[in-house]
file my_file12.txt (compact mmCIF, C-alpha atoms and all ligand atoms)
# COMPACT_ATOMS: atom_id res chain seq x y z
CA MET A 1 -5.13 27.42 -10.75
CA ARG A 2 -6.87 24.06 -11.08
CA PRO A 3 -8.54 23.03 -7.82
CA LEU A 4 -6.29 21.12 -5.42
CA GLN A 5 -7.09 17.56 -4.44
CA MET A 6 -5.23 14.85 -2.51
CA VAL A 7 -5.70 12.65 -5.59
CA ASP A 8 -6.96 13.81 -8.97
CA THR A 9 -8.45 10.68 -10.53
CA LYS A 10 -10.82 12.76 -12.63
CA THR A 11 -8.16 14.52 -14.70
CA GLN A 12 -6.28 11.24 -15.00
CA TYR A 13 -9.43 9.62 -16.42
CA GLN A 14 -9.94 12.41 -18.98
CA LYS A 15 -6.60 11.52 -20.55
CA ILE A 16 -7.51 7.85 -21.14
CA LYS A 17 -11.27 8.32 -21.42
CA LYS A 18 -11.66 7.05 -24.98
CA GLU A 19 -9.85 3.80 -24.30
CA VAL A 20 -11.52 3.23 -20.94
CA ASP A 21 -15.02 3.97 -22.18
CA ALA A 22 -14.60 1.59 -25.11
CA ALA A 23 -13.28 -1.18 -22.86
CA VAL A 24 -16.15 -0.79 -20.38
CA LEU A 25 -18.71 -0.77 -23.20
CA GLU A 26 -17.18 -3.93 -24.57
CA VAL A 27 -17.63 -5.68 -21.22
CA MET A 28 -21.26 -4.52 -21.13
CA GLU A 29 -21.86 -5.82 -24.65
CA SER A 30 -20.27 -9.16 -23.79
CA SER A 31 -22.25 -9.37 -20.53
CA MET A 32 -19.36 -11.39 -19.07
CA PHE A 33 -19.37 -9.42 -15.84
CA ILE A 34 -17.67 -11.90 -13.54
CA GLY A 35 -14.53 -13.81 -14.49
CA GLY A 36 -13.80 -14.55 -18.14
CA ASN A 37 -11.08 -13.48 -20.54
CA VAL A 38 -10.85 -9.84 -19.53
CA VAL A 39 -10.07 -10.74 -15.92
CA ASN A 40 -7.67 -13.52 -16.91
CA THR A 41 -5.81 -11.32 -19.39
CA PHE A 42 -5.37 -8.57 -16.82
CA ALA A 43 -4.13 -11.08 -14.22
CA GLU A 44 -1.58 -12.46 -16.72
CA ASN A 45 -0.38 -8.98 -17.68
CA LEU A 46 -0.06 -7.92 -14.06
CA ALA A 47 1.80 -11.11 -13.09
CA ARG A 48 4.28 -10.41 -15.90
CA TYR A 49 4.68 -6.76 -14.87
CA ASN A 50 5.26 -7.79 -11.26
CA GLY A 51 7.71 -10.56 -12.17
CA SER A 52 5.52 -13.10 -10.37
CA LYS A 53 4.53 -16.53 -11.66
CA HIS A 54 0.91 -16.16 -10.49
CA CYS A 55 -1.47 -13.26 -9.96
CA ILE A 56 -4.81 -14.11 -8.36
CA PRO A 57 -7.28 -11.21 -8.49
CA CYS A 58 -9.76 -10.67 -5.65
CA ALA A 59 -12.29 -8.12 -4.41
CA ASN A 60 -10.01 -5.74 -2.49
CA GLY A 61 -6.67 -5.45 -0.73
CA THR A 62 -8.07 -6.36 2.67
CA ASP A 63 -9.41 -9.65 1.29
CA ALA A 64 -6.04 -10.31 -0.34
CA LEU A 65 -4.35 -10.15 3.07
CA GLN A 66 -7.01 -12.31 4.69
CA ILE A 67 -6.91 -14.95 1.96
CA ALA A 68 -3.10 -14.98 2.13
CA MET A 69 -3.21 -15.74 5.86
CA MET A 70 -5.82 -18.45 5.29
CA ALA A 71 -3.84 -20.05 2.45
CA LEU A 72 -0.72 -20.24 4.62
CA GLY A 73 -2.74 -22.18 7.18
CA LEU A 74 -2.42 -19.62 9.97
CA GLU A 75 -4.69 -20.60 12.84
CA PRO A 76 -6.17 -19.05 15.97
CA GLY A 77 -3.42 -18.59 18.53
CA ASP A 78 -0.68 -18.23 15.92
CA GLU A 79 1.22 -14.96 15.90
CA VAL A 80 1.96 -12.65 12.99
CA ILE A 81 4.41 -9.78 13.31
CA VAL A 82 3.14 -6.49 11.92
CA PRO A 83 4.15 -2.84 12.07
CA SER A 84 1.77 -0.79 14.20
CA PHE A 85 2.37 2.24 11.96
CA THR A 86 0.13 1.11 9.09
CA TYR A 87 -3.37 1.15 7.70
CA ILE A 88 -5.73 -0.91 9.84
CA ALA A 89 -6.47 -3.52 7.15
CA THR A 90 -3.00 -5.03 7.48
CA VAL A 91 -3.74 -6.01 11.06
CA GLU A 92 -7.51 -6.29 11.14
CA VAL A 93 -7.56 -9.46 9.06
CA ALA A 94 -5.35 -11.20 11.61
CA GLY A 95 -7.82 -10.24 14.34
CA LEU A 96 -10.71 -11.51 12.25
CA LEU A 97 -9.02 -14.91 11.93
CA ARG A 98 -8.19 -14.90 15.68
CA ILE A 99 -4.50 -14.76 14.84
CA LYS A 100 -2.59 -12.63 17.31
CA PRO A 101 -1.04 -9.50 15.79
CA VAL A 102 2.31 -8.77 17.42
CA PHE A 103 3.08 -5.10 16.91
CA VAL A 104 6.58 -3.85 16.25
CA GLU A 105 8.34 -0.59 15.44
CA VAL A 106 9.12 0.92 12.07
CA ASP A 107 12.35 2.39 10.76
CA LYS A 108 12.32 6.11 11.48
CA ARG A 109 13.48 6.98 7.98
CA THR A 110 11.47 4.62 5.79
CA PHE A 111 8.28 4.25 7.91
CA CYS A 112 8.56 0.50 7.19
CA ILE A 113 8.92 -2.42 9.64
CA ASP A 114 12.18 -2.32 11.60
CA PRO A 115 14.03 -5.66 11.18
CA ALA A 116 15.71 -5.41 14.61
CA SER A 117 12.40 -4.80 16.36
CA LEU A 118 10.81 -7.63 14.41
CA GLU A 119 13.52 -10.17 15.23
CA LYS A 120 13.13 -9.45 18.95
CA ALA A 121 9.38 -10.15 18.72
CA ILE A 122 9.73 -13.69 17.35
CA THR A 123 8.36 -16.41 19.66
CA PRO A 124 7.70 -20.15 19.13
CA LYS A 125 4.15 -19.17 18.09
CA THR A 126 5.25 -16.78 15.33
CA ARG A 127 4.22 -18.00 11.89
CA ALA A 128 4.47 -14.99 9.61
CA ILE A 129 5.75 -11.46 9.09
CA VAL A 130 3.74 -8.81 7.26
CA PRO A 131 6.00 -6.01 6.00
CA VAL A 132 4.07 -3.00 4.65
CA HIS A 133 5.72 -0.90 1.94
CA LEU A 134 4.24 2.21 3.48
CA TYR A 135 3.68 5.36 1.41
CA GLY A 136 5.31 3.57 -1.54
CA HIS A 137 8.75 2.95 -0.03
CA ALA A 138 10.01 -0.63 0.04
CA ALA A 139 10.64 -2.28 3.39
CA ASP A 140 14.09 -3.81 3.99
CA MET A 141 13.11 -7.05 2.23
CA GLU A 142 16.60 -8.55 2.05
CA THR A 143 17.00 -8.52 5.84
CA ILE A 144 13.37 -9.53 6.41
CA MET A 145 13.64 -12.53 4.06
CA SER A 146 16.82 -13.71 5.74
CA ILE A 147 15.27 -13.42 9.22
CA ALA A 148 12.22 -15.30 7.94
CA ALA A 149 14.38 -18.08 6.46
CA ARG A 150 16.37 -18.42 9.68
CA HIS A 151 13.20 -18.78 11.78
CA ASN A 152 11.14 -20.67 9.22
CA LEU A 153 8.49 -17.96 8.90
CA TYR A 154 6.26 -16.89 6.03
CA VAL A 155 6.40 -13.38 4.62
CA ILE A 156 3.22 -11.72 3.34
CA GLU A 157 3.99 -8.37 1.70
CA ASP A 158 1.36 -5.66 2.03
CA ASN A 159 2.08 -3.96 -1.28
CA ALA A 160 -1.15 -1.95 -1.42
CA GLN A 161 0.79 1.33 -1.53
CA ALA A 162 3.85 0.34 -3.55
CA ILE A 163 2.86 -1.51 -6.71
CA GLY A 164 5.58 -1.03 -9.33
CA CYS A 165 8.33 -0.32 -6.81
CA ASP A 166 11.74 -1.81 -7.69
CA TYR A 167 13.76 -3.31 -4.86
CA THR A 168 17.45 -4.00 -5.46
CA PHE A 169 19.20 -6.72 -3.46
CA SER A 170 22.85 -6.37 -2.48
CA ASN A 171 23.85 -8.84 -5.23
CA GLY A 172 22.27 -6.53 -7.81
CA THR A 173 19.09 -8.55 -8.40
CA VAL A 174 16.09 -6.26 -8.90
CA LYS A 175 12.59 -7.40 -7.98
CA LYS A 176 9.26 -5.66 -7.68
CA THR A 177 7.87 -5.29 -4.18
CA GLY A 178 5.03 -7.79 -3.82
CA SER A 179 7.05 -10.45 -5.68
CA ILE A 180 9.64 -11.08 -2.95
CA GLY A 181 7.73 -12.65 -0.04
CA HIS A 182 5.84 -15.95 -0.13
CA ILE A 183 2.71 -14.00 -1.01
CA GLY A 184 2.35 -10.37 -2.08
CA CYS A 185 -0.95 -8.52 -1.68
CA THR A 186 -2.15 -5.36 -3.35
CA SER A 187 -5.20 -3.12 -3.60
CA PHE A 188 -6.80 -1.35 -6.57
CA TYR A 189 -8.75 1.10 -4.41
CA PRO A 190 -9.27 4.16 -6.66
CA SER A 191 -6.64 6.34 -4.97
CA LYS A 192 -3.92 3.67 -5.05
CA ASN A 193 -1.11 3.97 -7.61
CA LEU A 194 -2.90 1.43 -9.82
CA GLY A 195 -6.48 2.37 -9.00
CA ALA A 196 -9.71 0.91 -10.34
CA PHE A 197 -13.04 2.73 -10.71
CA GLY A 198 -14.27 0.84 -7.66
CA ASP A 199 -12.81 -1.88 -5.46
CA GLY A 200 -10.28 -4.53 -6.41
CA GLY A 201 -7.24 -6.39 -5.17
CA ALA A 202 -4.78 -9.13 -6.07
CA MET A 203 -2.38 -11.68 -4.63
CA PHE A 204 0.97 -12.75 -6.10
CA THR A 205 3.08 -15.83 -5.60
CA ASP A 206 5.67 -17.94 -7.42
CA ASN A 207 4.52 -21.11 -5.64
CA ASP A 208 2.09 -23.26 -7.69
CA GLU A 209 0.56 -24.97 -4.66
CA LEU A 210 -0.01 -21.68 -2.84
CA ALA A 211 -1.49 -20.15 -5.99
CA ALA A 212 -4.01 -22.98 -6.22
CA LYS A 213 -4.94 -22.50 -2.54
CA LEU A 214 -5.34 -18.74 -2.91
CA ARG A 215 -7.56 -19.25 -5.95
CA MET A 216 -9.62 -21.89 -4.17
CA ILE A 217 -10.14 -19.86 -0.98
CA ALA A 218 -11.14 -16.74 -2.97
CA SER A 219 -13.79 -18.85 -4.67
CA HIS A 220 -15.78 -20.49 -1.86
CA GLY A 221 -13.11 -23.13 -1.30
CA GLN A 222 -13.95 -24.73 -4.65
CA SER A 223 -11.50 -27.07 -6.36
CA LYS A 224 -13.99 -27.41 -9.18
CA ARG A 225 -17.44 -25.94 -9.55
CA TYR A 226 -19.76 -26.97 -6.67
CA TYR A 227 -17.08 -29.10 -4.99
CA HIS A 228 -15.97 -27.22 -1.87
CA ASP A 229 -12.82 -28.59 -0.22
CA VAL A 230 -12.12 -25.92 2.38
CA VAL A 231 -13.99 -23.02 3.97
CA GLY A 232 -13.27 -20.03 1.80
CA CYS A 233 -14.91 -16.75 0.94
CA ASN A 234 -16.31 -14.94 -2.07
CA SER A 235 -13.77 -12.46 -3.35
CA ARG A 236 -13.73 -11.54 -7.03
CA LEU A 237 -12.44 -8.76 -9.25
CA ASP A 238 -15.19 -7.93 -11.72
CA ALA A 239 -14.60 -7.69 -15.45
CA MET A 240 -15.25 -3.94 -15.77
CA GLN A 241 -12.60 -3.18 -13.17
CA ALA A 242 -10.20 -5.61 -14.84
CA ALA A 243 -10.78 -3.94 -18.22
CA ILE A 244 -10.03 -0.50 -16.76
CA LEU A 245 -7.03 -1.74 -14.77
CA ASP A 246 -5.54 -3.41 -17.83
CA ILE A 247 -5.50 -0.03 -19.59
CA LYS A 248 -4.10 1.76 -16.55
CA LEU A 249 -1.40 -0.90 -16.11
CA LYS A 250 0.08 0.21 -19.45
CA HIS A 251 0.45 3.70 -17.96
CA LEU A 252 1.66 2.64 -14.51
CA ASP A 253 5.35 3.37 -15.06
CA GLU A 254 4.54 6.79 -16.47
CA TYR A 255 2.19 7.42 -13.49
CA ILE A 256 5.00 6.50 -11.10
CA ALA A 257 7.38 8.83 -12.95
CA ALA A 258 4.84 11.68 -12.58
CA ARG A 259 4.58 11.02 -8.83
CA ARG A 260 8.37 11.01 -8.51
CA LYS A 261 8.59 14.29 -10.40
CA ALA A 262 6.09 15.88 -8.02
CA ALA A 263 8.07 14.48 -5.07
CA ASP A 264 11.30 15.94 -6.48
CA PHE A 265 9.65 19.34 -6.66
CA TYR A 266 8.55 19.19 -3.01
CA ASP A 267 11.93 17.80 -1.93
CA LYS A 268 13.73 20.76 -3.48
CA ALA A 269 11.39 23.23 -1.84
CA PHE A 270 11.63 21.72 1.65
CA ALA A 271 15.12 20.18 1.81
CA GLU A 272 16.83 23.16 3.45
CA ASN A 273 14.12 23.78 6.04
CA LYS A 274 15.21 22.69 9.52
CA SER A 275 11.61 22.17 10.67
CA ILE A 276 10.84 19.69 7.90
CA THR A 277 12.22 16.22 7.21
CA ILE A 278 11.55 15.22 3.62
CA PRO A 279 10.83 11.57 2.71
CA PHE A 280 13.90 9.35 2.82
CA ARG A 281 14.83 7.54 -0.38
CA GLU A 282 17.31 4.76 0.11
CA GLY A 283 19.76 4.33 -2.74
CA ASN A 284 18.72 0.80 -3.66
CA ASN A 285 15.02 1.25 -2.99
CA LYS A 286 13.00 3.34 -5.31
CA HIS A 287 10.07 5.16 -3.82
CA VAL A 288 6.81 5.19 -5.82
CA PHE A 289 5.26 7.97 -3.71
CA HIS A 290 1.79 6.72 -3.01
CA GLN A 291 2.01 9.41 -0.36
CA TYR A 292 4.36 12.34 0.10
CA THR A 293 4.77 12.46 3.86
CA LEU A 294 6.79 14.97 5.86
CA ILE A 295 8.00 14.71 9.45
CA LEU A 296 7.70 18.03 11.26
CA ASN A 297 10.26 19.03 13.86
CA GLY A 298 9.03 21.52 16.47
CA VAL A 299 6.03 22.56 14.39
CA ASP A 300 2.40 22.43 15.59
CA ARG A 301 1.38 19.64 13.21
CA ASP A 302 -2.37 19.85 13.84
CA GLY A 303 -2.13 23.65 13.54
CA LEU A 304 -0.45 23.30 10.15
CA SER A 305 -3.06 20.79 9.02
CA GLN A 306 -5.86 23.17 9.99
CA TYR A 307 -4.13 26.14 8.38
CA LEU A 308 -3.63 24.27 5.11
CA THR A 309 -7.27 23.20 5.11
CA GLU A 310 -8.37 26.81 5.65
CA GLN A 311 -6.12 27.91 2.79
CA GLY A 312 -7.61 25.31 0.44
CA VAL A 313 -4.68 22.90 0.56
CA PRO A 314 -5.87 19.33 1.12
CA ASN A 315 -3.71 17.34 3.53
CA MET A 316 -4.03 14.14 5.53
CA ILE A 317 -2.61 12.49 8.62
CA TYR A 318 -1.77 8.89 7.75
CA TYR A 319 -2.52 7.61 10.37
CA PRO A 320 -3.73 9.56 13.41
CA VAL A 321 -3.85 6.49 15.70
CA PRO A 322 -1.38 3.61 15.39
CA ALA A 323 -2.88 0.11 15.16
CA HIS A 324 -1.79 -0.98 18.65
CA ARG A 325 -3.76 1.91 20.18
CA GLN A 326 -6.99 1.11 18.33
CA LYS A 327 -9.80 -0.10 20.61
CA MET A 328 -10.22 -3.00 18.21
CA PHE A 329 -7.03 -4.57 19.56
CA ASP A 330 -7.73 -4.23 23.30
CA ALA A 331 -8.62 -7.92 23.30
CA PHE A 332 -5.18 -8.69 21.85
CA GLY A 333 -3.37 -6.57 24.45
CA GLY A 334 -2.78 -3.74 21.99
CA SER A 335 -2.57 -1.04 24.63
CA SER A 336 0.15 -2.93 26.53
CA TYR A 337 2.71 -2.27 23.79
CA ASP A 338 5.37 0.35 24.21
CA LEU A 339 6.23 1.68 20.74
CA PRO A 340 7.65 5.16 21.36
CA LEU A 341 8.92 5.72 17.82
CA THR A 342 5.54 4.82 16.33
CA ASP A 343 3.87 7.26 18.73
CA TRP A 344 6.48 9.91 17.90
CA LEU A 345 5.87 9.58 14.17
CA THR A 346 2.09 9.52 14.59
CA GLU A 347 2.28 12.97 16.19
CA ARG A 348 4.61 14.48 13.57
CA VAL A 349 3.65 13.23 10.09
CA ILE A 350 1.59 15.09 7.52
CA SER A 351 0.90 14.09 3.92
CA LEU A 352 0.55 16.59 1.08
CA PRO A 353 -1.32 16.15 -2.21
CA ILE A 354 0.57 13.84 -4.56
CA HIS A 355 -0.74 12.30 -7.75
CA THR A 356 -0.13 12.10 -11.47
CA GLU A 357 -1.80 15.38 -12.41
CA LEU A 358 -0.11 17.96 -10.16
CA ASP A 359 1.34 20.96 -11.98
CA GLU A 360 3.97 23.46 -10.86
CA GLU A 361 1.48 26.23 -10.21
CA GLN A 362 -0.40 23.96 -7.82
CA GLN A 363 2.77 22.75 -6.15
CA ASN A 364 4.14 26.27 -5.76
CA PHE A 365 0.93 27.26 -4.01
CA ILE A 366 1.04 24.22 -1.70
CA VAL A 367 4.70 24.80 -0.86
CA SER A 368 4.14 28.50 -0.15
CA LYS A 369 1.29 27.74 2.25
CA VAL A 370 3.31 25.09 4.11
CA LEU A 371 6.31 27.41 4.45
CA GLU A 372 4.13 30.36 5.47
CA PHE A 373 3.01 28.41 8.55
CA VAL A 374 6.25 26.58 9.31
CA ASN A 375 8.43 29.72 9.09
CA ARG A 376 6.28 32.03 11.16
C1 LIG A 401 -5.43 0.37 0.95
C2 LIG A 401 -4.67 -0.51 1.83
C3 LIG A 401 -5.12 -1.78 2.20
C4 LIG A 401 -6.49 -2.29 1.91
O1 LIG A 401 -6.92 -2.25 0.62
P1 LIG A 401 -8.51 -2.18 0.29
O2 LIG A 401 -8.55 -2.45 -1.17
O3 LIG A 401 -8.99 -0.84 0.67
O4 LIG A 401 -9.16 -3.28 1.08
C5 LIG A 401 -4.29 -2.58 2.97
N1 LIG A 401 -3.09 -2.14 3.39
C6 LIG A 401 -2.62 -0.92 3.08
C7 LIG A 401 -1.27 -0.51 3.57
C8 LIG A 401 -3.39 -0.06 2.31
O5 LIG A 401 -2.93 1.16 2.03
call {"tool": "encode", "arguments": {"input": "my_file12.txt", "output": "structure tokens", "more": "lines below"}}
Ligand SMILES: *Cc1c(COP(=O)(O)O)cnc(C)c1O
result
Amino acid sequence: MRPLQMVDTKTQYQKIKKEVDAAVLEVMESSMFIGGNVVNTFAENLARYNGSKHCIPCANGTDALQIAMMALGLEPGDEVIVPSFTYIATVEVAGLLRIKPVFVEVDKRTFCIDPASLEKAITPKTRAIVPVHLYGHAADMETIMSIAARHNLYVIEDNAQAIGCDYTFSNGTVKKTGSIGHIGCTSFYPSKNLGAFGDGGAMFTDNDELAAKLRMIASHGQSKRYYHDVVGCNSRLDAMQAAILDIKLKHLDEYIAARRKAADFYDKAFAENKSITIPFREGNNKHVFHQYTLILNGVDRDGLSQYLTEQGVPNMIYYPVPAHRQKMFDAFGGSSYDLPLTDWLTERVISLPIHTELDEEQQNFIVSKVLEFVNR
């Protein structure tokens, strides 16, 4: 059996090595390392794929979220509503800008922000909502967008885990996650569904004015070279990463299909087990399976995690501490929140290896080890 990994980027690379190596060499020969045609072409291709008018590349997904909040003019004292059950980056950038994160619950089935919980958290200071399409499942964007419209709020989608995910509205319109809110943000961290060979990120919007602001803030607040209109930052996607990502973008749909196939295999193996809840897939929301995450019922989760590790099965707890319980947010009253469902999930989730290169032999082994522990 090939060795098990949470993500197998190495085997994935072997399959596109020729193309990738040639593209990287070409960038080296051109010595256009920052900006230039390669970056612009990738941004145009990705905007088209995402169904967005503009794609503005940047250095990583965390920067994308920060620049989005800056471009929307969020200021110290403003409030943004965020799920606590997420990766820290979603919330950290608010803290950095002295914007108050207001933590709310997630939907127990989708792990994404719960619209009812979010609506209750709206105050006169609320300026924006940040839904996270966690594990690759789309948040309930139709309800979120209508709440936002009613209360005049911005929506920044954290699409770091769900690039390529189709969301279907009740009128039949299909849009990619990350193209629905005022700004969508994504990450090209190597393990993400569209992963670079280093860091990278991007922002999406259909609004020309916002696009210009995002671009300006990501480039030292410049409107033109050496004329700095606003305080910005330095956040760029480099040309080698763009060259690699442009090749991988052509394979993204096939990568997503491979992840779904692996998820189907796990689903079948675990569906009948009373101790295991398999990932929910809502009819109109396709899941792109950045993670394959189970909820355990009456099973010693940490015991299972340790057992799997001992048996050579990689596994992860995403995330062991919810954002509102992180020390980082003490100053924002994080510990005063009561989010029982978030706590409940935090204690019961476990993620298994999922990526584009899993084969049946590997999955059979993983499944057998999980069931060995759960059924004993
Ligand atoms: C990965 C990730 C980010 C941050 O992306 P980086 O490129 O690592 O900065 C933000 N939010 C979520 C949900 C993520 O998974």
call {"tool": "residues_around", "arguments": {"input": "my_file12.txt", "residues": "stretch 64-76 of chain A", "least_positions_apart": "6", "cutoff": "7 Å", "atoms": "only C-alpha atoms", "output": "list in words"}}
result
Cys58, Thr90, Val93, Leu97, Arg98, Ile99, Ile183, Cys185, Thr186, Gly201, Ala202, Met203, Leu210, Lys213, Leu214, Ile217 and Ala218 of chain A
call {"tool": "write_last_selection", "arguments": {"input": "my_file12.txt", "atoms": "C-alpha atoms", "output": "short mmCIF file (atom, residue, chain, number, x, y, z; two decimals), in the coordinates of the input"}}
result
data_model
loop_
_atom_site.label_atom_id
_atom_site.label_comp_id
_atom_site.auth_asym_id
_atom_site.auth_seq_id
_atom_site.Cartn_x
_atom_site.Cartn_y
_atom_site.Cartn_z
CA CYS A 58 -9.76 -10.67 -5.65
CA THR A 90 -3.00 -5.03 7.48
CA VAL A 93 -7.56 -9.46 9.06
CA LEU A 97 -9.02 -14.91 11.93
CA ARG A 98 -8.19 -14.90 15.68
CA ILE A 99 -4.50 -14.76 14.84
CA ILE A 183 2.71 -14.00 -1.01
CA CYS A 185 -0.95 -8.52 -1.68
CA THR A 186 -2.15 -5.36 -3.35
CA GLY A 201 -7.24 -6.39 -5.17
CA ALA A 202 -4.78 -9.13 -6.07
CA MET A 203 -2.38 -11.68 -4.63
CA LEU A 210 -0.01 -21.68 -2.84
CA LYS A 213 -4.94 -22.50 -2.54
CA LEU A 214 -5.34 -18.74 -2.91
CA ILE A 217 -10.14 -19.86 -0.98
CA ALA A 218 -11.14 -16.74 -2.97
#
call {"tool": "residues_near_ligand", "arguments": {"input": "my_file12.txt", "ligand": "ligand LIG 401 (chain A)", "cutoff": "8 Å", "atoms": "only C-alpha atoms and all ligand atoms", "output": "ChimeraX atom specification"}}
result
/A:59-65,86-90,132-135,158-161,186-189,192,199-201
call {"tool": "axis_aligned_box", "arguments": {"input": "my_file12.txt", "around": "stretch 224-240 of chain A", "padding_each_side": "5 Å", "output": "AutoDock Vina command-line options"}}
result
--center_x -15.9 --center_y -16.5 --center_z -5.9 --size_x 17.6 --size_y 35.2 --size_z 29.7
call {"tool": "residues_around", "arguments": {"input": "my_file12.txt", "residues": "A:Ile129", "least_positions_apart": "4", "cutoff": "8 Å", "atoms": "all atoms listed in the file", "output": "PyMOL selection string"}}
result
chain A and resi 80-82+148+153-156
call {"tool": "write_last_selection", "arguments": {"input": "my_file12.txt", "atoms": "C-alpha atoms", "output": "short mmCIF file (atom, residue, chain, number, x, y, z; two decimals), in the frame of the given file"}}
result
data_model
loop_
_atom_site.label_atom_id
_atom_site.label_comp_id
_atom_site.auth_asym_id
_atom_site.auth_seq_id
_atom_site.Cartn_x
_atom_site.Cartn_y
_atom_site.Cartn_z
CA VAL A 80 1.96 -12.65 12.99
CA ILE A 81 4.41 -9.78 13.31
CA VAL A 82 3.14 -6.49 11.92
CA ALA A 148 12.22 -15.30 7.94
CA LEU A 153 8.49 -17.96 8.90
CA TYR A 154 6.26 -16.89 6.03
CA VAL A 155 6.40 -13.38 4.62
CA ILE A 156 3.22 -11.72 3.34
#
call {"tool": "residues_around", "arguments": {"input": "my_file12.txt", "residues": "A:Ile317", "least_positions_apart": "4", "cutoff": "9 Å", "atoms": "all atoms listed in the file", "output": "compact mmCIF listing (two decimals) with C-alpha atoms, in the coordinates of the input"}}
result
# COMPACT_ATOMS: atom_id res chain seq x y z
CA THR A 293 4.77 12.46 3.86
CA SER A 305 -3.06 20.79 9.02
CA THR A 346 2.09 9.52 14.59
CA ARG A 348 4.61 14.48 13.57
CA VAL A 349 3.65 13.23 10.09
CA ILE A 350 1.59 15.09 7.52
CA SER A 351 0.90 14.09 3.92
call {"tool": "closest_residue", "arguments": {"input": "my_file12.txt", "among": "A:Phe365, A:Tyr292, A:Phe103, A:Tyr318", "to": "A:Leu352", "atoms": "all atoms listed in the file"}}
result
A:Tyr292
call {"tool": "closest_residue", "arguments": {"input": "my_file12.txt", "among": "A:Ala262, A:Leu308, A:Val374, A:Met240", "to": "A:Ser31", "atoms": "all atoms listed in the file"}}
result
A:Met240
call {"tool": "residues_near_point", "arguments": {"input": "my_file12.txt", "point": "(11.2, -8.7, 20.1)", "cutoff": "10 Å", "atoms": "only C-alpha atoms", "output": "number ranges by chain"}}
result
A: 81, 102-105, 115-123
